[in-house]
$ cat query-v8.txt   # compact mmCIF, N, CA and C atoms
# COMPACT_ATOMS: atom_id res chain seq x y z
N MET A 1339 -6.37 -32.47 -8.10
CA MET A 1339 -5.04 -31.90 -8.10
C MET A 1339 -4.67 -31.48 -6.68
N MET A 1340 -3.41 -31.57 -6.37
CA MET A 1340 -2.95 -31.26 -5.04
C MET A 1340 -2.71 -29.77 -4.83
N GLU A 1341 -2.69 -29.39 -3.60
CA GLU A 1341 -2.39 -28.01 -3.20
C GLU A 1341 -0.93 -27.70 -3.52
N CYS A 1342 -0.63 -26.47 -3.85
CA CYS A 1342 0.74 -26.04 -4.14
C CYS A 1342 1.63 -26.33 -2.94
N GLU A 1343 2.79 -26.87 -3.22
CA GLU A 1343 3.73 -27.23 -2.17
C GLU A 1343 4.33 -26.00 -1.47
N LEU A 1344 4.17 -24.83 -2.05
CA LEU A 1344 4.72 -23.60 -1.47
C LEU A 1344 3.70 -22.83 -0.63
N LEU A 1345 2.46 -23.24 -0.67
CA LEU A 1345 1.39 -22.47 -0.01
C LEU A 1345 1.63 -22.24 1.47
N GLU A 1346 2.04 -23.25 2.17
CA GLU A 1346 2.21 -23.15 3.63
C GLU A 1346 3.22 -22.06 4.02
N ASN A 1347 4.22 -21.84 3.19
CA ASN A 1347 5.26 -20.85 3.50
C ASN A 1347 5.20 -19.63 2.60
N CYS A 1348 4.11 -19.44 1.89
CA CYS A 1348 3.98 -18.33 0.95
C CYS A 1348 3.87 -17.00 1.72
N GLY A 1349 4.80 -16.11 1.46
CA GLY A 1349 4.84 -14.83 2.16
C GLY A 1349 3.58 -13.99 1.97
N PHE A 1350 3.00 -14.03 0.78
CA PHE A 1350 1.78 -13.27 0.51
C PHE A 1350 0.65 -13.73 1.43
N PHE A 1351 0.41 -15.03 1.49
CA PHE A 1351 -0.68 -15.55 2.30
C PHE A 1351 -0.40 -15.41 3.79
N LYS A 1352 0.85 -15.56 4.18
CA LYS A 1352 1.20 -15.37 5.58
C LYS A 1352 0.92 -13.92 6.02
N LYS A 1353 1.22 -12.97 5.12
CA LYS A 1353 1.07 -11.56 5.46
C LYS A 1353 -0.38 -11.09 5.37
N TYR A 1354 -1.14 -11.57 4.38
CA TYR A 1354 -2.44 -10.98 4.12
C TYR A 1354 -3.66 -11.85 4.44
N ALA A 1355 -3.49 -13.10 4.78
CA ALA A 1355 -4.65 -13.98 5.03
C ALA A 1355 -5.54 -13.44 6.14
N ALA A 1356 -4.96 -12.92 7.19
CA ALA A 1356 -5.77 -12.41 8.30
C ALA A 1356 -6.38 -11.04 7.99
N VAL A 1357 -5.74 -10.30 7.10
CA VAL A 1357 -6.20 -8.96 6.76
C VAL A 1357 -7.41 -9.00 5.83
N ASN A 1358 -7.35 -9.87 4.82
CA ASN A 1358 -8.44 -9.97 3.85
C ASN A 1358 -8.67 -11.44 3.50
N GLU A 1359 -9.35 -12.11 4.38
CA GLU A 1359 -9.55 -13.55 4.26
C GLU A 1359 -10.27 -13.93 2.97
N LYS A 1360 -11.30 -13.17 2.58
CA LYS A 1360 -12.07 -13.52 1.39
C LYS A 1360 -11.24 -13.41 0.11
N ALA A 1361 -10.51 -12.32 -0.04
CA ALA A 1361 -9.67 -12.14 -1.23
C ALA A 1361 -8.60 -13.22 -1.29
N CYS A 1362 -7.99 -13.51 -0.16
CA CYS A 1362 -6.95 -14.54 -0.13
C CYS A 1362 -7.54 -15.90 -0.46
N ALA A 1363 -8.73 -16.17 0.01
CA ALA A 1363 -9.38 -17.45 -0.29
C ALA A 1363 -9.61 -17.59 -1.79
N ASN A 1364 -9.99 -16.50 -2.46
CA ASN A 1364 -10.19 -16.54 -3.91
C ASN A 1364 -8.88 -16.81 -4.64
N TYR A 1365 -7.82 -16.12 -4.24
CA TYR A 1365 -6.51 -16.36 -4.86
C TYR A 1365 -6.05 -17.79 -4.60
N ARG A 1366 -6.21 -18.25 -3.38
CA ARG A 1366 -5.78 -19.59 -3.01
C ARG A 1366 -6.51 -20.64 -3.84
N GLU A 1367 -7.81 -20.48 -3.99
CA GLU A 1367 -8.60 -21.44 -4.78
C GLU A 1367 -8.17 -21.43 -6.24
N THR A 1368 -7.95 -20.25 -6.78
CA THR A 1368 -7.60 -20.13 -8.19
C THR A 1368 -6.17 -20.58 -8.48
N TYR A 1369 -5.22 -20.11 -7.69
CA TYR A 1369 -3.81 -20.34 -8.01
C TYR A 1369 -3.16 -21.49 -7.24
N CYS A 1370 -3.65 -21.83 -6.08
CA CYS A 1370 -2.92 -22.76 -5.21
C CYS A 1370 -3.55 -24.13 -5.05
N GLU A 1371 -4.84 -24.21 -5.25
CA GLU A 1371 -5.53 -25.47 -4.98
C GLU A 1371 -5.95 -26.22 -6.24
N GLY A 1372 -5.59 -25.72 -7.39
CA GLY A 1372 -5.86 -26.44 -8.62
C GLY A 1372 -7.29 -26.41 -9.09
N LYS A 1373 -8.10 -25.49 -8.56
CA LYS A 1373 -9.50 -25.42 -8.95
C LYS A 1373 -9.74 -24.44 -10.09
N GLY A 1374 -8.77 -23.62 -10.39
CA GLY A 1374 -8.93 -22.61 -11.43
C GLY A 1374 -8.08 -22.94 -12.65
N PRO A 1375 -8.41 -22.35 -13.78
CA PRO A 1375 -7.67 -22.62 -15.00
C PRO A 1375 -6.26 -22.04 -15.03
N VAL A 1376 -5.95 -21.16 -14.09
CA VAL A 1376 -4.64 -20.52 -14.09
C VAL A 1376 -3.69 -21.12 -13.05
N ARG A 1377 -3.96 -22.30 -12.60
CA ARG A 1377 -3.15 -22.96 -11.57
C ARG A 1377 -1.66 -22.88 -11.87
N LYS A 1378 -1.29 -23.13 -13.12
CA LYS A 1378 0.12 -23.16 -13.49
C LYS A 1378 0.68 -21.78 -13.81
N GLU A 1379 -0.13 -20.75 -13.66
CA GLU A 1379 0.31 -19.40 -14.01
C GLU A 1379 0.63 -18.53 -12.80
N CYS A 1380 0.84 -19.13 -11.66
CA CYS A 1380 1.16 -18.35 -10.46
C CYS A 1380 2.49 -17.62 -10.68
N ARG A 1381 2.42 -16.31 -10.70
CA ARG A 1381 3.62 -15.50 -10.93
C ARG A 1381 4.58 -15.56 -9.73
N ARG A 1382 4.04 -15.79 -8.57
CA ARG A 1382 4.91 -15.92 -7.39
C ARG A 1382 5.80 -17.15 -7.53
N LYS A 1383 5.22 -18.24 -7.98
CA LYS A 1383 5.99 -19.47 -8.18
C LYS A 1383 6.99 -19.30 -9.33
N GLN A 1384 6.57 -18.64 -10.39
CA GLN A 1384 7.46 -18.40 -11.52
C GLN A 1384 8.63 -17.51 -11.11
N TYR A 1385 8.36 -16.52 -10.29
CA TYR A 1385 9.41 -15.64 -9.78
C TYR A 1385 10.43 -16.45 -8.99
N ARG A 1386 9.94 -17.31 -8.11
CA ARG A 1386 10.82 -18.14 -7.28
C ARG A 1386 11.70 -19.04 -8.15
N ASP A 1387 11.11 -19.62 -9.18
CA ASP A 1387 11.87 -20.49 -10.08
C ASP A 1387 12.94 -19.70 -10.85
N ALA A 1388 12.60 -18.50 -11.30
CA ALA A 1388 13.52 -17.68 -12.09
C ALA A 1388 14.65 -17.07 -11.26
N HIS A 1389 14.36 -16.72 -10.00
CA HIS A 1389 15.33 -16.00 -9.18
C HIS A 1389 15.92 -16.82 -8.03
N SER A 1390 15.46 -18.05 -7.88
CA SER A 1390 15.91 -18.91 -6.78
C SER A 1390 15.76 -18.23 -5.43
N ALA A 1391 14.72 -17.43 -5.32
CA ALA A 1391 14.42 -16.72 -4.09
C ALA A 1391 12.92 -16.40 -4.08
N PRO A 1392 12.35 -16.27 -2.91
CA PRO A 1392 10.92 -15.95 -2.86
C PRO A 1392 10.66 -14.53 -3.36
N PRO A 1393 9.49 -14.32 -3.94
CA PRO A 1393 9.12 -12.98 -4.39
C PRO A 1393 8.77 -12.09 -3.20
N PRO A 1394 8.64 -10.79 -3.44
CA PRO A 1394 8.21 -9.90 -2.36
C PRO A 1394 6.84 -10.33 -1.83
N ASP A 1395 6.61 -10.17 -0.54
CA ASP A 1395 5.34 -10.56 0.06
C ASP A 1395 4.16 -9.81 -0.55
N ASP A 1396 4.39 -8.62 -1.05
CA ASP A 1396 3.32 -7.79 -1.62
C ASP A 1396 2.97 -8.15 -3.06
N MET A 1397 3.62 -9.16 -3.62
CA MET A 1397 3.33 -9.60 -4.98
C MET A 1397 2.17 -10.58 -4.96
N LEU A 1398 1.12 -10.26 -5.70
CA LEU A 1398 -0.05 -11.13 -5.80
C LEU A 1398 0.28 -12.34 -6.67
N PRO A 1399 -0.48 -13.41 -6.56
CA PRO A 1399 -0.25 -14.57 -7.42
C PRO A 1399 -0.36 -14.25 -8.92
N ASN A 1400 -1.05 -13.17 -9.27
CA ASN A 1400 -1.15 -12.79 -10.68
C ASN A 1400 0.02 -11.91 -11.13
N GLY A 1401 0.94 -11.62 -10.23
CA GLY A 1401 2.13 -10.86 -10.55
C GLY A 1401 2.06 -9.38 -10.24
N LYS A 1402 0.89 -8.87 -9.97
CA LYS A 1402 0.74 -7.44 -9.64
C LYS A 1402 1.22 -7.20 -8.22
N MET A 1403 1.69 -5.98 -8.00
CA MET A 1403 2.15 -5.61 -6.67
C MET A 1403 1.04 -4.83 -5.95
N LEU A 1404 0.82 -5.15 -4.69
CA LEU A 1404 -0.17 -4.42 -3.90
C LEU A 1404 0.24 -2.99 -3.68
N PHE A 1405 1.50 -2.80 -3.40
CA PHE A 1405 2.03 -1.47 -3.14
C PHE A 1405 3.27 -1.29 -3.98
N SER A 1406 3.30 -0.23 -4.75
CA SER A 1406 4.48 -0.03 -5.58
C SER A 1406 5.03 1.36 -5.42
$ encode --input "query-v8.txt" --output "structure tokens"
Amino acid sequence: MMECELLENCGFFKKYAAVNEKACANYRETYCEGKGPVRKECRRKQYRDAHSAPPPDDMLPNGKMLFS
């Protein structure tokens, strides 16, 4: 399976990849690279589809907010 077409411009990964590389790598593998069973459940992508706009950068791929 191919990598998510939104990954390169994903605000979450742009903001947090350098801060917590290991956690981001786990999210990327699970949600963005098609290696996990929840590939199609990325809440960031669902948000973008529903609102025609990118989600907040602090929104995790599972839909939880880092800071609320």
$ closest_residue --input "query-v8.txt" --among "A:Cys1362, A:Cys1348, A:Ala1356, A:Met1340" --to "Ala1391 in chain A" --atoms "only C-alpha atoms"
A:Cys1348
$ residues_near_point --input "query-v8.txt" --point "(-10.4, -17.6, -8.7)" --cutoff "8 Å" --atoms "only N, CA and C atoms" --output "list in words"
Ala1363, Asn1364, Tyr1365, Arg1366, Glu1367, Thr1368, Tyr1369, Lys1373, Gly1374, Pro1375 and Val1376 of chain A
$ axis_aligned_box --input "query-v8.txt" --around "range 1368-1371 of chain A" --padding-each-side "6 Å" --output "lines of an AutoDock Vina configuration file"
center_x = -5.4
center_y = -23.2
center_z = -6.7
size_x = 17.0
size_y = 18.1
size_z = 15.5
$ residues_around --input "query-v8.txt" --residues "Phe1351 in chain A" --least-positions-apart "4" --cutoff "12 Å" --atoms "only C-alpha atoms" --output "ChimeraX atom specification"
/A:1344-1347,1355-1366,1369-1370,1382,1394-1399
$ atom_distance --input "query-v8.txt" --atom1 "CA of Leu1404 in chain A" --atom2 "CA of Phe1350 in chain A"
10.1 Å
$ atom_distance --input "query-v8.txt" --atom1 "CA of Glu1341 in chain A" --atom2 "CA of Gly1372 in chain A"
6.6 Å
$ atom_distance --input "query-v8.txt" --atom1 "CA of Asn1400 in chain A" --atom2 "CA of Cys1380 in chain A"
6.0 Å
$ select_by_dssp --input "query-v8.txt" --residues "chain A" --states "helix (DSSP H, G or I)" --output "short mmCIF file (atom, residue, chain, number, x, y, z; two decimals) with N, CA and C atoms, in the coordinates of the input"
data_model
loop_
_atom_site.label_atom_id
_atom_site.label_comp_id
_atom_site.auth_asym_id
_atom_site.auth_seq_id
_atom_site.Cartn_x
_atom_site.Cartn_y
_atom_site.Cartn_z
N LEU A 1345 2.46 -23.24 -0.67
CA LEU A 1345 1.39 -22.47 -0.01
C LEU A 1345 1.63 -22.24 1.47
N GLU A 1346 2.04 -23.25 2.17
CA GLU A 1346 2.21 -23.15 3.63
C GLU A 1346 3.22 -22.06 4.02
N ASN A 1347 4.22 -21.84 3.19
CA ASN A 1347 5.26 -20.85 3.50
C ASN A 1347 5.20 -19.63 2.60
N GLY A 1349 4.80 -16.11 1.46
CA GLY A 1349 4.84 -14.83 2.16
C GLY A 1349 3.58 -13.99 1.97
N PHE A 1350 3.00 -14.03 0.78
CA PHE A 1350 1.78 -13.27 0.51
C PHE A 1350 0.65 -13.73 1.43
N PHE A 1351 0.41 -15.03 1.49
CA PHE A 1351 -0.68 -15.55 2.30
C PHE A 1351 -0.40 -15.41 3.79
N LYS A 1352 0.85 -15.56 4.18
CA LYS A 1352 1.20 -15.37 5.58
C LYS A 1352 0.92 -13.92 6.02
N LYS A 1353 1.22 -12.97 5.12
CA LYS A 1353 1.07 -11.56 5.46
C LYS A 1353 -0.38 -11.09 5.37
N TYR A 1354 -1.14 -11.57 4.38
CA TYR A 1354 -2.44 -10.98 4.12
C TYR A 1354 -3.66 -11.85 4.44
N GLU A 1359 -9.35 -12.11 4.38
CA GLU A 1359 -9.55 -13.55 4.26
C GLU A 1359 -10.27 -13.93 2.97
N LYS A 1360 -11.30 -13.17 2.58
CA LYS A 1360 -12.07 -13.52 1.39
C LYS A 1360 -11.24 -13.41 0.11
N ALA A 1361 -10.51 -12.32 -0.04
CA ALA A 1361 -9.67 -12.14 -1.23
C ALA A 1361 -8.60 -13.22 -1.29
N CYS A 1362 -7.99 -13.51 -0.16
CA CYS A 1362 -6.95 -14.54 -0.13
C CYS A 1362 -7.54 -15.90 -0.46
N ALA A 1363 -8.73 -16.17 0.01
CA ALA A 1363 -9.38 -17.45 -0.29
C ALA A 1363 -9.61 -17.59 -1.79
N ASN A 1364 -9.99 -16.50 -2.46
CA ASN A 1364 -10.19 -16.54 -3.91
C ASN A 1364 -8.88 -16.81 -4.64
N TYR A 1365 -7.82 -16.12 -4.24
CA TYR A 1365 -6.51 -16.36 -4.86
C TYR A 1365 -6.05 -17.79 -4.60
N ARG A 1366 -6.21 -18.25 -3.38
CA ARG A 1366 -5.78 -19.59 -3.01
C ARG A 1366 -6.51 -20.64 -3.84
N GLU A 1367 -7.81 -20.48 -3.99
CA GLU A 1367 -8.60 -21.44 -4.78
C GLU A 1367 -8.17 -21.43 -6.24
N THR A 1368 -7.95 -20.25 -6.78
CA THR A 1368 -7.60 -20.13 -8.19
C THR A 1368 -6.17 -20.58 -8.48
N TYR A 1369 -5.22 -20.11 -7.69
CA TYR A 1369 -3.81 -20.34 -8.01
C TYR A 1369 -3.16 -21.49 -7.24
N CYS A 1370 -3.65 -21.83 -6.08
CA CYS A 1370 -2.92 -22.76 -5.21
C CYS A 1370 -3.55 -24.13 -5.05
N ARG A 1377 -3.96 -22.30 -12.60
CA ARG A 1377 -3.15 -22.96 -11.57
C ARG A 1377 -1.66 -22.88 -11.87
N LYS A 1378 -1.29 -23.13 -13.12
CA LYS A 1378 0.12 -23.16 -13.49
C LYS A 1378 0.68 -21.78 -13.81
N GLU A 1379 -0.13 -20.75 -13.66
CA GLU A 1379 0.31 -19.40 -14.01
C GLU A 1379 0.63 -18.53 -12.80
N ARG A 1381 2.42 -16.31 -10.70
CA ARG A 1381 3.62 -15.50 -10.93
C ARG A 1381 4.58 -15.56 -9.73
N ARG A 1382 4.04 -15.79 -8.57
CA ARG A 1382 4.91 -15.92 -7.39
C ARG A 1382 5.80 -17.15 -7.53
N LYS A 1383 5.22 -18.24 -7.98
CA LYS A 1383 5.99 -19.47 -8.18
C LYS A 1383 6.99 -19.30 -9.33
N GLN A 1384 6.57 -18.64 -10.39
CA GLN A 1384 7.46 -18.40 -11.52
C GLN A 1384 8.63 -17.51 -11.11
N TYR A 1385 8.36 -16.52 -10.29
CA TYR A 1385 9.41 -15.64 -9.78
C TYR A 1385 10.43 -16.45 -8.99
N ARG A 1386 9.94 -17.31 -8.11
CA ARG A 1386 10.82 -18.14 -7.28
C ARG A 1386 11.70 -19.04 -8.15
N ASP A 1387 11.11 -19.62 -9.18
CA ASP A 1387 11.87 -20.49 -10.08
C ASP A 1387 12.94 -19.70 -10.85
N ALA A 1388 12.60 -18.50 -11.30
CA ALA A 1388 13.52 -17.68 -12.09
C ALA A 1388 14.65 -17.07 -11.26
N HIS A 1389 14.36 -16.72 -10.00
CA HIS A 1389 15.33 -16.00 -9.18
C HIS A 1389 15.92 -16.82 -8.03
#
